[in-house]
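J.: Contents of input-v7.tsv (TSV, C-alpha atoms) are given next:
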chain	number	residue	atom	x	y	z
H	1	MET	CA	0.00	0.00	0.00
H	2	THR	CA	1.12	3.56	-0.64
H	3	VAL	CA	-0.20	6.88	0.52
H	4	HIS	CA	-2.80	8.52	-1.75
H	5	PRO	CA	-1.12	10.69	-4.44
H	6	SER	CA	-2.73	13.88	-3.11
H	7	LEU	CA	-1.16	13.21	0.30
H	8	GLN	CA	2.33	12.31	-0.90
H	9	ASN	CA	3.76	15.84	-0.75
H	10	TYR	CA	2.62	16.14	2.88
H	11	ALA	CA	4.22	12.80	3.74
H	12	ASP	CA	7.46	13.83	2.01
H	13	ALA	CA	7.51	17.24	3.73
H	14	TRP	CA	6.84	15.69	7.13
H	15	THR	CA	9.61	13.12	6.63
H	16	HIS	CA	12.16	15.73	5.58
H	17	SER	CA	11.44	18.02	8.53
H	18	VAL	CA	11.12	15.39	11.25
H	19	GLU	CA	14.40	13.81	10.19
H	20	ALA	CA	16.00	17.27	10.32
H	21	ILE	CA	14.68	17.70	13.87
H	22	ALA	CA	16.15	14.34	14.89
H	23	ALA	CA	19.51	15.30	13.42
H	24	LEU	CA	19.46	18.67	15.20
H	25	VAL	CA	18.79	17.28	18.68
H	26	GLN	CA	20.73	14.01	18.59
H	27	PRO	CA	24.13	15.55	19.44
H	28	LEU	CA	22.86	18.08	22.01
H	29	ALA	CA	24.38	18.27	25.47
H	30	GLU	CA	21.95	17.94	28.37
H	31	SER	CA	22.08	21.69	29.04
H	32	ASP	CA	21.10	22.52	25.45
H	33	TRP	CA	17.74	20.84	25.95
H	34	ASN	CA	16.85	23.71	28.31
H	35	ARG	CA	17.42	26.45	25.75
H	36	ARG	CA	14.46	28.73	25.15
H	37	THR	CA	12.65	28.54	21.83
H	38	PRO	CA	10.42	31.13	20.10
H	39	CYS	CA	7.39	29.24	21.51
H	40	PRO	CA	6.37	30.99	24.77
H	41	GLY	CA	7.23	28.89	27.82
H	42	TRP	CA	8.79	26.08	25.81
H	43	SER	CA	12.38	24.88	25.89
H	44	VAL	CA	14.01	22.66	23.27
H	45	ARG	CA	12.92	19.67	25.38
H	46	ASP	CA	9.34	20.97	25.53
H	47	LEU	CA	9.17	21.53	21.80
H	48	VAL	CA	10.47	18.04	21.02
H	49	SER	CA	8.02	16.64	23.58
H	50	HIS	CA	5.21	18.38	21.68
H	51	VAL	CA	6.40	16.83	18.42
H	52	ILE	CA	6.53	13.37	20.00
H	53	GLY	CA	3.15	13.79	21.64
H	54	MET	CA	1.30	14.92	18.51
H	55	GLU	CA	2.79	12.15	16.41
H	56	CYS	CA	1.77	9.62	19.05
H	57	GLU	CA	-1.77	10.96	18.77
H	58	MET	CA	-1.65	10.47	15.00
H	59	LEU	CA	-0.68	6.86	15.79
H	60	GLY	CA	-3.77	6.53	17.96
H	61	ASP	CA	-1.88	6.15	21.24
H	62	PRO	CA	-3.86	6.98	24.39
H	63	ARG	CA	-3.20	10.42	25.82
H	64	PRO	CA	-1.28	10.61	29.10
H	65	ILE	CA	-3.27	10.95	32.31
H	66	HIS	CA	-1.55	13.95	33.83
H	67	THR	CA	-2.41	16.98	35.94
H	68	LEU	CA	-0.77	20.24	34.92
H	69	PRO	CA	0.80	22.64	37.42
H	70	ARG	CA	-1.18	25.82	37.95
H	71	ASP	CA	1.73	28.23	37.40
H	72	LEU	CA	2.25	27.75	33.63
H	73	TYR	CA	1.71	31.32	32.42
H	74	HIS	CA	1.69	30.35	28.74
H	75	VAL	CA	-1.28	27.99	29.19
H	76	THR	CA	-4.15	30.39	28.56
H	77	ASP	CA	-6.98	28.38	27.00
H	78	GLU	CA	-8.33	24.89	26.46
H	79	LEU	CA	-6.25	24.21	23.36
H	80	SER	CA	-2.95	25.23	24.98
H	81	ARG	CA	-3.89	23.13	28.03
H	82	TYR	CA	-4.54	20.18	25.73
H	83	MET	CA	-1.15	20.62	24.04
H	84	GLU	CA	0.71	21.16	27.29
H	85	ILE	CA	-0.12	17.76	28.77
H	86	GLN	CA	2.09	15.92	26.25
H	87	VAL	CA	4.83	18.45	27.03
H	88	ASP	CA	4.68	18.61	30.82
H	89	VAL	CA	4.62	14.84	31.22
H	90	ARG	CA	8.12	14.75	29.66
H	91	ARG	CA	9.63	17.80	31.37
H	92	HIS	CA	12.03	15.76	33.50
H	93	HIS	CA	13.10	13.33	30.78
H	94	THR	CA	16.82	13.15	30.09
H	95	SER	CA	18.52	13.74	26.76
H	96	PRO	CA	18.89	9.99	25.99
H	97	GLU	CA	15.24	9.41	26.91
H	98	MET	CA	14.12	12.22	24.60
H	99	THR	CA	16.20	11.16	21.60
H	100	ALA	CA	15.23	7.51	22.03
H	101	GLU	CA	11.51	8.27	22.18
H	102	LEU	CA	11.73	10.66	19.24
H	103	GLU	CA	13.56	8.07	17.13
H	104	TYR	CA	11.08	5.34	18.03
H	105	THR	CA	8.12	7.61	17.29
H	106	ILE	CA	9.55	8.56	13.89
H	107	ILE	CA	10.03	4.88	13.03
H	108	ARG	CA	6.42	4.09	13.97
H	109	ARG	CA	4.97	7.07	12.12
H	110	SER	CA	7.07	6.41	9.02
H	111	ARG	CA	5.79	2.85	8.97
H	112	GLN	CA	2.23	4.13	9.36
H	113	LEU	CA	2.69	6.49	6.40
H	114	ARG	CA	4.21	3.78	4.21
H	115	ASN	CA	1.21	1.54	4.90
H	116	GLU	CA	-1.42	4.31	4.72
H	117	SER	CA	-4.30	3.15	2.51
H	118	ARG	CA	-7.10	5.45	3.66
H	119	GLN	CA	-8.61	8.05	1.37
H	120	PRO	CA	-7.85	11.76	1.91
H	121	ASP	CA	-11.39	12.38	3.14
H	122	ALA	CA	-11.23	9.63	5.79
H	123	THR	CA	-12.06	10.92	9.25
H	124	VAL	CA	-9.34	10.93	11.92
H	125	ARG	CA	-9.19	12.37	15.41
H	126	ALA	CA	-8.14	15.95	16.04
H	127	PRO	CA	-7.22	17.85	19.22
H	128	LEU	CA	-9.90	18.42	21.88
H	129	GLY	CA	-11.85	15.35	20.83
H	130	THR	CA	-12.86	16.79	17.45
H	131	GLU	CA	-12.46	15.23	14.02
H	132	GLN	CA	-10.72	16.19	10.79
H	133	THR	CA	-10.02	14.60	7.44
H	134	LEU	CA	-6.82	12.65	6.90
H	135	GLU	CA	-5.74	15.26	4.34
H	136	GLN	CA	-6.24	18.09	6.84
H	137	ALA	CA	-4.35	16.14	9.50
H	138	MET	CA	-1.39	15.38	7.25
H	139	GLN	CA	-1.20	18.95	5.97
H	140	LEU	CA	-1.23	20.31	9.52
H	141	ARG	CA	1.40	17.83	10.70
H	142	ALA	CA	3.71	18.73	7.80
H	143	PHE	CA	3.15	22.43	8.52
H	144	ASP	CA	3.58	22.07	12.28
H	145	ILE	CA	6.74	19.98	12.02
H	146	TRP	CA	8.41	22.42	9.63
H	147	VAL	CA	7.57	25.44	11.79
H	148	HIS	CA	8.92	23.67	14.87
H	149	GLU	CA	12.04	22.67	12.96
H	150	GLN	CA	12.57	26.39	12.38
H	151	ASP	CA	11.88	27.12	16.07
H	152	LEU	CA	14.62	24.64	16.99
H	153	ARG	CA	17.01	26.12	14.45
H	154	THR	CA	16.43	29.57	15.96
H	155	ALA	CA	17.03	28.28	19.49
H	156	LEU	CA	20.17	26.38	18.49
H	157	GLY	CA	21.59	28.91	16.05
H	158	GLU	CA	21.43	26.43	13.15
H	159	PRO	CA	19.61	28.12	10.25
H	160	GLY	CA	18.55	26.06	7.24
H	161	ASN	CA	15.79	24.39	5.20
H	162	LEU	CA	13.98	27.65	4.45
H	163	ASP	CA	13.19	26.24	0.99
H	164	SER	CA	12.61	22.59	1.93
H	165	PRO	CA	9.42	20.67	1.04
H	166	GLY	CA	7.94	21.68	4.38
H	167	ALA	CA	8.53	25.35	3.59
H	168	TYR	CA	6.23	25.07	0.57
H	169	VAL	CA	3.52	23.42	2.67
H	170	ALA	CA	3.93	26.23	5.22
H	171	ARG	CA	3.71	28.87	2.49
H	172	ASP	CA	0.47	27.48	1.10
H	173	THR	CA	-1.02	26.94	4.57
H	174	LEU	CA	-0.27	30.48	5.67
H	175	LEU	CA	-1.41	32.05	2.39
H	176	SER	CA	-4.75	30.24	2.63
H	177	ARG	CA	-5.46	32.22	5.79
H	178	LEU	CA	-4.37	35.59	4.42
H	179	PRO	CA	-7.74	36.62	2.88
H	180	LYS	CA	-9.37	36.51	6.32
H	181	VAL	CA	-6.51	38.52	7.81
H	182	VAL	CA	-6.88	41.27	5.21
H	183	ALA	CA	-10.64	41.36	4.64
H	184	LYS	CA	-12.09	40.55	8.03
H	185	ASP	CA	-9.45	41.01	10.73
H	186	ALA	CA	-7.77	44.13	9.31
H	187	GLY	CA	-10.97	45.45	7.76
H	188	ALA	CA	-9.64	46.30	4.29
H	189	PRO	CA	-12.21	48.35	2.31
H	190	ARG	CA	-14.54	46.60	-0.10
H	191	GLY	CA	-13.22	46.67	-3.64
H	192	SER	CA	-9.63	47.06	-2.50
H	193	ALA	CA	-6.57	44.91	-3.12
H	194	VAL	CA	-3.47	44.17	-1.04
H	195	VAL	CA	-0.26	42.82	-2.57
H	196	ILE	CA	2.21	40.66	-0.64
H	197	ASP	CA	5.64	40.52	-2.30
H	198	VAL	CA	7.97	37.99	-0.67
H	199	HIS	CA	11.63	37.46	-1.57
H	200	GLY	CA	14.40	35.19	-0.31
H	201	PRO	CA	14.68	31.37	-0.39
H	202	LEU	CA	10.97	31.25	-1.33
H	203	GLU	CA	9.86	33.99	-3.69
H	204	PHE	CA	6.21	34.67	-4.45
H	205	MET	CA	3.74	37.47	-4.99
H	206	ARG	CA	0.07	37.23	-4.09
H	207	THR	CA	-2.86	39.64	-4.28
H	208	VAL	CA	-5.68	39.57	-1.77
H	209	ARG	CA	-8.85	41.10	-3.22
H	210	VAL	CA	-11.85	42.20	-1.18
H	211	ASP	CA	-15.13	41.94	-3.06
H	212	ALA	CA	-18.25	44.05	-2.79
H	213	ASP	CA	-19.54	41.88	0.05
H	214	GLY	CA	-16.35	42.26	2.07
H	215	ARG	CA	-15.08	38.74	1.37
H	216	GLY	CA	-11.42	38.16	0.61
H	217	SER	CA	-9.85	35.96	-2.04
H	218	ILE	CA	-6.26	35.40	-3.11
H	219	ASP	CA	-4.58	34.90	-6.48
H	220	GLY	CA	-1.23	35.29	-8.20
H	221	ALA	CA	-2.24	38.07	-10.60
H	222	PRO	CA	-0.78	41.55	-10.00
H	223	SER	CA	-2.95	44.48	-9.00
H	224	LEU	CA	-2.58	47.79	-10.83
H	225	GLY	CA	-3.65	49.94	-7.91
H	226	PRO	CA	-3.35	48.11	-4.59
H	227	ALA	CA	-4.33	49.86	-1.40
H	228	VAL	CA	-1.24	48.38	0.26
H	229	THR	CA	1.88	46.58	-0.92
H	230	LEU	CA	3.94	44.74	1.67
H	231	VAL	CA	7.47	43.70	0.68
H	232	LEU	CA	9.35	41.37	3.02
H	233	ASP	CA	11.60	38.32	3.05
H	234	TRP	CA	10.29	34.76	3.50
H	235	GLU	CA	11.74	34.25	6.98
H	236	THR	CA	10.15	37.46	8.25
H	237	TYR	CA	6.85	36.49	6.60
H	238	PHE	CA	6.50	33.12	8.29
H	239	ARG	CA	7.81	34.36	11.64
H	240	LEU	CA	5.16	37.09	11.63
H	241	ALA	CA	2.41	34.76	10.38
H	242	CYS	CA	3.29	32.12	12.99
H	243	GLY	CA	3.37	34.67	15.82
H	244	ARG	CA	7.10	34.22	16.47
H	245	VAL	CA	7.83	37.95	16.28
H	246	ARG	CA	5.80	41.13	16.67
H	247	PRO	CA	5.63	43.62	13.79
H	248	ALA	CA	7.55	46.26	15.77
H	249	ALA	CA	10.51	43.88	16.14
H	250	VAL	CA	10.92	43.48	12.37
H	251	ALA	CA	9.72	46.91	11.22
H	252	ASP	CA	13.02	47.50	9.39
H	253	GLN	CA	12.51	44.29	7.40
H	254	VAL	CA	9.03	45.12	6.09
H	255	LYS	CA	8.44	47.77	3.45
H	256	ALA	CA	4.86	49.04	3.36
H	257	ASP	CA	3.63	51.19	0.46
H	258	GLY	CA	0.19	52.75	0.23
H	259	ASP	CA	-2.34	53.18	3.02
H	260	GLN	CA	-0.15	53.10	6.14
H	261	GLU	CA	-3.07	52.74	8.54
H	262	LEU	CA	-4.33	49.68	6.67
H	263	ALA	CA	-0.79	48.28	6.43
H	264	GLU	CA	-0.38	48.57	10.20
H	265	ALA	CA	-3.76	46.87	10.74
H	266	ILE	CA	-2.77	43.98	8.47
H	267	LEU	CA	0.56	43.51	10.23
H	268	ARG	CA	-1.14	43.71	13.61
H	269	GLU	CA	-3.45	40.82	12.61
H	270	PHE	CA	-0.83	38.93	10.59
H	271	ALA	CA	-0.31	36.06	13.05
H	272	VAL	CA	-2.65	33.18	12.19
H	273	THR	CA	-1.06	30.60	14.48
H	274	ARG	CA	1.15	30.67	17.57
Produce structure tokens that represent the structure in this file.
T.:
Amino acid sequence: MTVHPSLQNYADAWTHSVEAIAALVQPLAESDWNRRTPCPGWSVRDLVSHVIGMECEMLGDPRPIHTLPRDLYHVTDELSRYMEIQVDVRRHHTSPEMTAELEYTIIRRSRQLRNESRQPDATVRAPLGTEQTLEQAMQLRAFDIWVHEQDLRTALGEPGNLDSPGAYVARDTLLSRLPKVVAKDAGAPRGSAVVIDVHGPLEFMRTVRVDADGRGSIDGAPSLGPAVTLVLDWETYFRLACGRVRPAAVADQVKADGDQELAEAILREFAVTR
């Protein structure tokens, strides 16, 4: 059995990124596992614990029975509480324990992907007891793993893979959420257009158009008279969109032409995940 053709790019992206994560953490000294990452409240150990935990859930493993401490400031809602359980249960694991569990989890998940015979619209479990399609789940895992690979690279000072297969999944995932950011969250005027021009390892230009009903759509055609044009590099784009940095921290890396008030509103609402 092989994975459905429409899922293959997600499987390939996931494999590339998760193997990069394993290579990054395998040689780490015990103290390096305590380094802070761009994820609030999470160390390198915590981030790898999250990766292990979510992949175990994709395998159908039972969730740990664990009570969280009450002083975790970064746990602010039900979803973050759900995610934190897989992290906190491993907080005192040693470096060899972490690398061994990560390696074993990757082996199990890789075997699951090789033998995957379900259709893309098959229903699988999602966080908080909800459901999602297999295609949604695999896309989100490929996206999540690549973003966390980049978090680890930031924490460890090991840049790379900004144009890997996972980067393309991340680009498409983040762009799919851009129309809502521009049209609804930032309140761009009806009939207006906003151009996003991204350069660097991944280069692309997209136009978000707001129709007469205030709904946003996105395409690759240029706009002759956009209300705003934002020019920035790929790393700045995904760090903003993933909530890793605030707009003020990268103001010198973003060029905004046109309606400055609207540009500031878009950048203020730019983060679609954290």
J.: Here is a test: counting all atoms listed in the file, which residue of H:Glu269, H:Glu78, H:Gly225, H:His199 is nearest to Lys180 of chain H?
T.: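 Looking at the shortest contact to Lys180 of chain H, the residue is H:Glu269.
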J.: Which is closest to Gln150 of chain H among H:Asp12, H:Glu261, H:Asp213, H:Glu235, if we use only C-alpha atoms?
T.: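 Of all the options, H:Glu235 lies closest to Gln150 of chain H.
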J.: Considering all atoms listed in the file, state which residue in the set H:Tyr104, H:Tyr10, H:Phe270, H:Trp234 is at the smallest distance from Met138 of chain H.
T.: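 When distances to Met138 of chain H are compared using all atoms listed in the file, the smallest one comes from H:Tyr10.
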J.: Could you tell me which of H:Leu178, H:Leu79, H:Leu72, H:Ile145 comes closest to Gly166 of chain H if we count all atoms listed in the file?
T.: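 Distance minimum relative to Gly166 of chain H lands on H:Ile145.
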J.: Write out as a list in words the residues lying within 6 Å of Val198 of chain H, counting all atoms listed in the file and excluding same-chain residues fewer than 5 positions away.
T.: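 These residues fall inside the cut-off: Glu203, Phe204, Val231, Leu232, Asp233 and Trp234 of chain H.
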J.: Can those selected residues be exported to a file as a CSV table (one decimal), keeping the file's coordinate frame so that it contains C-alpha atoms?
T.:
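Below is the file part05.csv, written as the result:
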chain,number,residue,atom,x,y,z
H,203,GLU,CA,9.9,34.0,-3.7
H,204,PHE,CA,6.2,34.7,-4.4
H,231,VAL,CA,7.5,43.7,0.7
H,232,LEU,CA,9.4,41.4,3.0
H,233,ASP,CA,11.6,38.3,3.0
H,234,TRP,CA,10.3,34.8,3.5
J.: Identify, on the basis of all atoms listed in the file, every residue whose closest approach to segment 108-123 of chain H does not exceed 8 Å; exclude the query and any residue fewer than 4 positions from it along the same chain; express the result as a list in words.
T.: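 Once the adjacent positions are removed, what remains is Met1, Thr2, Val3, His4, Ser6, Leu7, Ala11, Thr15, Glu55, Met58, Leu59, Tyr104, Glu131, Gln132, Thr133, Leu134 and Glu135 of chain H.
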J.: For a test of reading the model, state the distance in Å between atom CA of Asp144 of chain H and atom CA of Ala221 of chain H, rounded to one decimal.
T.: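 Here the two named atoms are 28.5 Å from each other.
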J.: Quick one: everything within 9 Å of segment 253-259 of chain H, counting only C-alpha atoms, minus sequence neighbours fewer than 6 positions away in the same chain. Send it as a compact mmCIF listing (two decimals) with C-alpha atoms, in the coordinates of the input.
T.:
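Final file, around_35.txt:
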# COMPACT_ATOMS: atom_id res chain seq x y z
CA PRO H 226 -3.35 48.11 -4.59
CA ALA H 227 -4.33 49.86 -1.40
CA VAL H 228 -1.24 48.38 0.26
CA THR H 229 1.88 46.58 -0.92
CA LEU H 230 3.94 44.74 1.67
CA VAL H 231 7.47 43.70 0.68
CA LEU H 232 9.35 41.37 3.02
CA ASP H 233 11.60 38.32 3.05
CA THR H 236 10.15 37.46 8.25
CA TYR H 237 6.85 36.49 6.60
CA PRO H 247 5.63 43.62 13.79
J.: Rounded to one decimal place, report the atom CA of Arg209 of chain H-atom CA of Gly191 of chain H distance in Å.
T.: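 Taking atom CA of Arg209 of chain H as the start and atom CA of Gly191 of chain H as the end point, the length is 7.1 Å.
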J.: Would you list the residues near (16.0, 26.7, 17.5) (no more than 10 Å away, in the coordinates of the file, using all atoms listed in the file) as a list of chain:residue names?
T.: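 Residues close enough to count: H:Ile21, H:Leu24, H:Val25, H:Arg35, H:Arg36, H:Thr37, H:Pro38, H:Cys39, H:Ser43, H:Val44, H:Leu47, H:His148, H:Glu149, H:Gln150, H:Asp151, H:Leu152, H:Arg153, H:Thr154, H:Ala155, H:Leu156, H:Gly157, H:Glu158, H:Pro159.
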J.: Given all atoms listed in the file as the basis, pick out the residue of H:Ala126, H:Ala248, H:Ile106, H:Ala193 nearest to Glu57 of chain H.
T.: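 The closest residue to Glu57 of chain H is H:Ala126.
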J.: May I ask for the distance between atom CA of Thr67 of chain H and atom CA of Pro40 of chain H, given in Å to one decimal place?
T.: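 Computing it gives 20.0 Å between the two atoms.
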J.: Which residues are near Gly187 of chain H? Cut-off 9 Å, all atoms listed in the file, ignore same chain within fewer than 5 positions. Put them as a list in words.
T.: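 Those residues are Val181, Val182, Gly214, Leu262, Ala265 and Ile266 of chain H.
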J.: Working from the structure I just supplied, which lacks atoms in segment 256-267 of chain H, can you model all heavy atoms there and output them as a PDB file, keeping the file's coordinate frame?
T.:
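Wrote it out as selection.pdb, contents follow:
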ATOM      1  N   ALA H 256       6.298  48.882   3.577  1.00  0.00           N
ATOM      2  CA  ALA H 256       4.860  49.040   3.360  1.00  0.00           C
ATOM      3  C   ALA H 256       4.596  50.276   2.515  1.00  0.00           C
ATOM      4  O   ALA H 256       4.925  51.396   2.924  1.00  0.00           O
ATOM      5  CB  ALA H 256       4.129  49.145   4.699  1.00  0.00           C
ATOM      6  N   ASP H 257       4.012  50.078   1.338  1.00  0.00           N
ATOM      7  CA  ASP H 257       3.630  51.190   0.460  1.00  0.00           C
ATOM      8  C   ASP H 257       2.116  51.297   0.428  1.00  0.00           C
ATOM      9  O   ASP H 257       1.400  50.291   0.487  1.00  0.00           O
ATOM     10  CB  ASP H 257       4.157  50.952  -0.953  1.00  0.00           C
ATOM     11  CG  ASP H 257       5.671  51.005  -1.030  1.00  0.00           C
ATOM     12  OD1 ASP H 257       6.278  51.773  -0.256  1.00  0.00           O
ATOM     13  OD2 ASP H 257       6.241  50.266  -1.864  1.00  0.00           O
ATOM     14  N   GLY H 258       1.621  52.536   0.316  1.00  0.00           N
ATOM     15  CA  GLY H 258       0.190  52.750   0.230  1.00  0.00           C
ATOM     16  C   GLY H 258      -0.400  53.228   1.538  1.00  0.00           C
ATOM     17  O   GLY H 258       0.230  53.982   2.288  1.00  0.00           O
ATOM     18  N   ASP H 259      -1.605  52.781   1.825  1.00  0.00           N
ATOM     19  CA  ASP H 259      -2.340  53.180   3.020  1.00  0.00           C
ATOM     20  C   ASP H 259      -1.635  52.648   4.276  1.00  0.00           C
ATOM     21  O   ASP H 259      -1.736  51.467   4.589  1.00  0.00           O
ATOM     22  CB  ASP H 259      -3.767  52.624   2.927  1.00  0.00           C
ATOM     23  CG  ASP H 259      -4.673  53.073   4.073  1.00  0.00           C
ATOM     24  OD1 ASP H 259      -4.154  53.406   5.152  1.00  0.00           O
ATOM     25  OD2 ASP H 259      -5.899  53.060   3.883  1.00  0.00           O
ATOM     26  N   GLN H 260      -0.951  53.536   4.988  1.00  0.00           N
ATOM     27  CA  GLN H 260      -0.150  53.100   6.140  1.00  0.00           C
ATOM     28  C   GLN H 260      -1.022  52.592   7.283  1.00  0.00           C
ATOM     29  O   GLN H 260      -0.640  51.661   7.991  1.00  0.00           O
ATOM     30  CB  GLN H 260       0.747  54.248   6.615  1.00  0.00           C
ATOM     31  CG  GLN H 260       1.825  54.633   5.620  1.00  0.00           C
ATOM     32  CD  GLN H 260       2.760  53.470   5.303  1.00  0.00           C
ATOM     33  OE1 GLN H 260       3.379  52.888   6.192  1.00  0.00           O
ATOM     34  NE2 GLN H 260       2.879  53.125   4.021  1.00  0.00           N
ATOM     35  N   GLU H 261      -2.175  53.190   7.462  1.00  0.00           N
ATOM     36  CA  GLU H 261      -3.070  52.740   8.540  1.00  0.00           C
ATOM     37  C   GLU H 261      -3.541  51.315   8.277  1.00  0.00           C
ATOM     38  O   GLU H 261      -3.567  50.479   9.184  1.00  0.00           O
ATOM     39  CB  GLU H 261      -4.250  53.693   8.661  1.00  0.00           C
ATOM     40  CG  GLU H 261      -5.142  53.396   9.856  1.00  0.00           C
ATOM     41  CD  GLU H 261      -6.248  54.423  10.034  1.00  0.00           C
ATOM     42  OE1 GLU H 261      -6.110  55.545   9.507  1.00  0.00           O
ATOM     43  OE2 GLU H 261      -7.264  54.097  10.696  1.00  0.00           O
ATOM     44  N   LEU H 262      -3.900  51.031   7.022  1.00  0.00           N
ATOM     45  CA  LEU H 262      -4.330  49.680   6.670  1.00  0.00           C
ATOM     46  C   LEU H 262      -3.149  48.712   6.769  1.00  0.00           C
ATOM     47  O   LEU H 262      -3.311  47.583   7.261  1.00  0.00           O
ATOM     48  CB  LEU H 262      -4.923  49.653   5.266  1.00  0.00           C
ATOM     49  CG  LEU H 262      -5.345  48.278   4.730  1.00  0.00           C
ATOM     50  CD1 LEU H 262      -6.365  47.619   5.649  1.00  0.00           C
ATOM     51  CD2 LEU H 262      -5.902  48.404   3.305  1.00  0.00           C
ATOM     52  N   ALA H 263      -1.976  49.140   6.339  1.00  0.00           N
ATOM     53  CA  ALA H 263      -0.790  48.280   6.430  1.00  0.00           C
ATOM     54  C   ALA H 263      -0.513  47.897   7.877  1.00  0.00           C
ATOM     55  O   ALA H 263      -0.223  46.731   8.185  1.00  0.00           O
ATOM     56  CB  ALA H 263       0.422  48.994   5.831  1.00  0.00           C
ATOM     57  N   GLU H 264      -0.610  48.856   8.780  1.00  0.00           N
ATOM     58  CA  GLU H 264      -0.380  48.570  10.200  1.00  0.00           C
ATOM     59  C   GLU H 264      -1.437  47.616  10.741  1.00  0.00           C
ATOM     60  O   GLU H 264      -1.131  46.732  11.546  1.00  0.00           O
ATOM     61  CB  GLU H 264      -0.393  49.874  10.995  1.00  0.00           C
ATOM     62  CG  GLU H 264       0.822  50.757  10.720  1.00  0.00           C
ATOM     63  CD  GLU H 264       0.716  52.108  11.407  1.00  0.00           C
ATOM     64  OE1 GLU H 264      -0.264  52.314  12.185  1.00  0.00           O
ATOM     65  OE2 GLU H 264       1.589  52.969  11.166  1.00  0.00           O
ATOM     66  N   ALA H 265      -2.689  47.770  10.294  1.00  0.00           N
ATOM     67  CA  ALA H 265      -3.760  46.870  10.740  1.00  0.00           C
ATOM     68  C   ALA H 265      -3.510  45.450  10.262  1.00  0.00           C
ATOM     69  O   ALA H 265      -3.714  44.478  11.001  1.00  0.00           O
ATOM     70  CB  ALA H 265      -5.110  47.375  10.242  1.00  0.00           C
ATOM     71  N   ILE H 266      -3.049  45.304   9.010  1.00  0.00           N
ATOM     72  CA  ILE H 266      -2.770  43.980   8.470  1.00  0.00           C
ATOM     73  C   ILE H 266      -1.638  43.317   9.253  1.00  0.00           C
ATOM     74  O   ILE H 266      -1.735  42.153   9.659  1.00  0.00           O
ATOM     75  CB  ILE H 266      -2.414  44.070   6.975  1.00  0.00           C
ATOM     76  CG1 ILE H 266      -3.640  44.494   6.168  1.00  0.00           C
ATOM     77  CG2 ILE H 266      -1.881  42.727   6.461  1.00  0.00           C
ATOM     78  CD1 ILE H 266      -3.326  44.858   4.722  1.00  0.00           C
ATOM     79  N   LEU H 267      -0.578  44.058   9.491  1.00  0.00           N
ATOM     80  CA  LEU H 267       0.560  43.510  10.230  1.00  0.00           C
ATOM     81  C   LEU H 267       0.182  43.171  11.663  1.00  0.00           C
ATOM     82  O   LEU H 267       0.660  42.187  12.241  1.00  0.00           O
ATOM     83  CB  LEU H 267       1.736  44.479  10.194  1.00  0.00           C
ATOM     84  CG  LEU H 267       2.408  44.632   8.815  1.00  0.00           C
ATOM     85  CD1 LEU H 267       3.405  45.766   8.832  1.00  0.00           C
ATOM     86  CD2 LEU H 267       3.075  43.325   8.387  1.00  0.00           C
TER      87      LEU H 267
END
